[in-house]
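Enquirer: Hey, dropping start_28.cif in here, mmCIF, C-alpha atoms:
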data_work
#
loop_
_atom_site.label_atom_id
_atom_site.label_comp_id
_atom_site.auth_asym_id
_atom_site.auth_seq_id
_atom_site.Cartn_x
_atom_site.Cartn_y
_atom_site.Cartn_z
CA MET A 1 68.62 91.58 109.15
CA CYS A 2 66.08 91.98 111.98
CA GLN A 3 64.55 95.42 112.51
CA HIS A 4 62.46 94.43 115.58
CA GLN A 5 63.04 95.93 119.03
CA PRO A 6 64.27 94.05 120.92
CA ALA A 7 66.05 92.21 118.13
CA CYS A 8 65.00 88.67 117.34
CA PRO A 9 67.40 85.78 118.04
CA SER A 10 70.04 85.16 115.40
CA ALA A 11 70.00 82.11 113.14
CA GLU A 12 72.91 80.69 115.16
CA SER A 13 71.20 80.92 118.56
CA ALA A 14 69.39 78.01 120.18
CA ASP A 15 66.09 79.93 120.29
CA ARG A 16 66.18 80.93 116.57
CA GLU A 17 62.57 79.73 116.09
CA ALA A 18 61.38 82.63 118.27
CA ALA A 19 62.19 85.15 115.50
CA GLN A 20 59.28 86.95 113.84
CA PRO A 21 57.96 85.53 110.55
CA VAL A 22 58.31 87.81 107.54
CA ALA A 23 56.65 85.45 105.04
CA ASN A 24 54.14 82.68 105.79
CA HIS A 25 53.08 80.03 103.30
CA PRO A 26 51.04 77.48 105.27
CA GLU A 27 49.67 76.04 102.04
CA GLN A 28 53.26 75.08 101.17
CA GLY A 29 54.27 74.25 104.73
CA TRP A 30 56.96 76.86 105.43
CA SER A 31 57.67 80.27 106.93
CA LEU A 32 60.62 82.61 106.52
CA LEU A 33 61.77 84.17 109.78
CA CYS A 34 63.41 87.59 110.02
CA ASN A 35 66.73 85.96 110.95
CA GLY A 36 66.80 84.18 107.56
CA VAL A 37 65.71 80.76 108.85
CA LEU A 38 63.23 78.76 106.78
CA LEU A 39 60.98 76.98 109.26
CA PHE A 40 58.98 74.01 107.96
CA GLU A 41 55.69 72.75 109.42
CA ASP A 42 57.32 69.41 110.29
CA THR A 43 59.66 71.47 112.57
CA GLY A 44 62.65 71.05 110.26
CA GLU A 45 64.73 74.12 109.50
CA LEU A 46 67.05 75.43 106.81
CA LEU A 47 69.54 77.96 108.11
CA PRO A 48 70.89 80.86 106.00
CA ASP A 49 74.30 79.14 105.69
CA GLY A 50 72.64 76.04 104.16
CA GLN A 51 72.78 73.92 107.32
CA ILE A 52 69.81 71.57 107.72
CA ILE A 53 68.19 71.04 111.12
CA ALA A 54 66.22 67.79 111.21
CA PRO A 55 62.58 67.85 112.37
CA HIS A 56 62.30 67.75 116.17
CA ARG A 57 58.62 67.17 116.88
CA PRO A 58 57.75 65.93 120.36
CA LEU A 59 56.68 62.31 120.61
CA ALA A 60 52.97 61.60 120.67
CA ALA A 61 51.63 60.41 124.02
CA ALA A 62 51.12 56.90 122.62
CA GLN A 63 54.84 56.69 121.76
CA VAL A 64 56.09 57.71 125.21
CA MET A 65 56.88 54.74 127.42
CA LYS A 66 56.01 54.99 131.08
CA ALA A 67 58.31 53.64 133.78
CA ALA A 68 56.75 50.80 135.73
#
Could I get this file's structure written as C-alpha cells?
Expert:
Amino acid sequence: MCQHQPACPSAESADREAAQPVANHPEQGWSLLCNGVLLFEDTGELLPDGQIIAPHRPLAAAQVMKAA
C-alpha cells in the first residue's frame, strides 16, 4: 500500500504509528496512515484487519507515583 521510500512500517509492526498520514481529520479526531491504520487522537488504533488497539497515552505527571 505504501509508496514512500523507504517504505513505511506495516500495520503489523510495532512502530506502525510512524507511517505517513494520507488523510487527516483533526476535527473528527482521526488520521488514516498509509499502512491502512486508523489512528485516533486518544492514541487508540484500528488496524486494517479490524483489530482494535486500546489507547496508550502516557500517564500525566500527577498520576506517576515516586518511590520514597
Enquirer: Taking (65.8, 85.0, 110.5) in the file's coordinates, which residues come within 7 Å, counting only C-alpha atoms, written as a list in words?
Expert: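 Result, sorted by chain then residue number: Ser10, Ala11, Ala19, Leu32, Leu33, Cys34, Asn35, Gly36 and Val37 of chain A.
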Enquirer: Would you mind reading off the distance between CA of Gln51 (chain A) and CA of Pro9 (chain A), one decimal, in Å?
Expert: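 According to the coordinates, CA of Gln51 (chain A) and CA of Pro9 (chain A) are separated by 16.9 Å.
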Enquirer: Looking at A:Cys2, A:Leu46, A:Ala7, A:Ala14, which one is nearest to Trp30 (chain A), with distances taken over all atoms listed in the file?
Expert: A:Leu46
Enquirer: Enumerate, as a ChimeraX atom specification, the residues matched when the PyMOL selection byres ((chain A and resi 43-45) around 10) is run on the file above.
Expert: /A:16-17,29-32,37-42,46-48,50-58
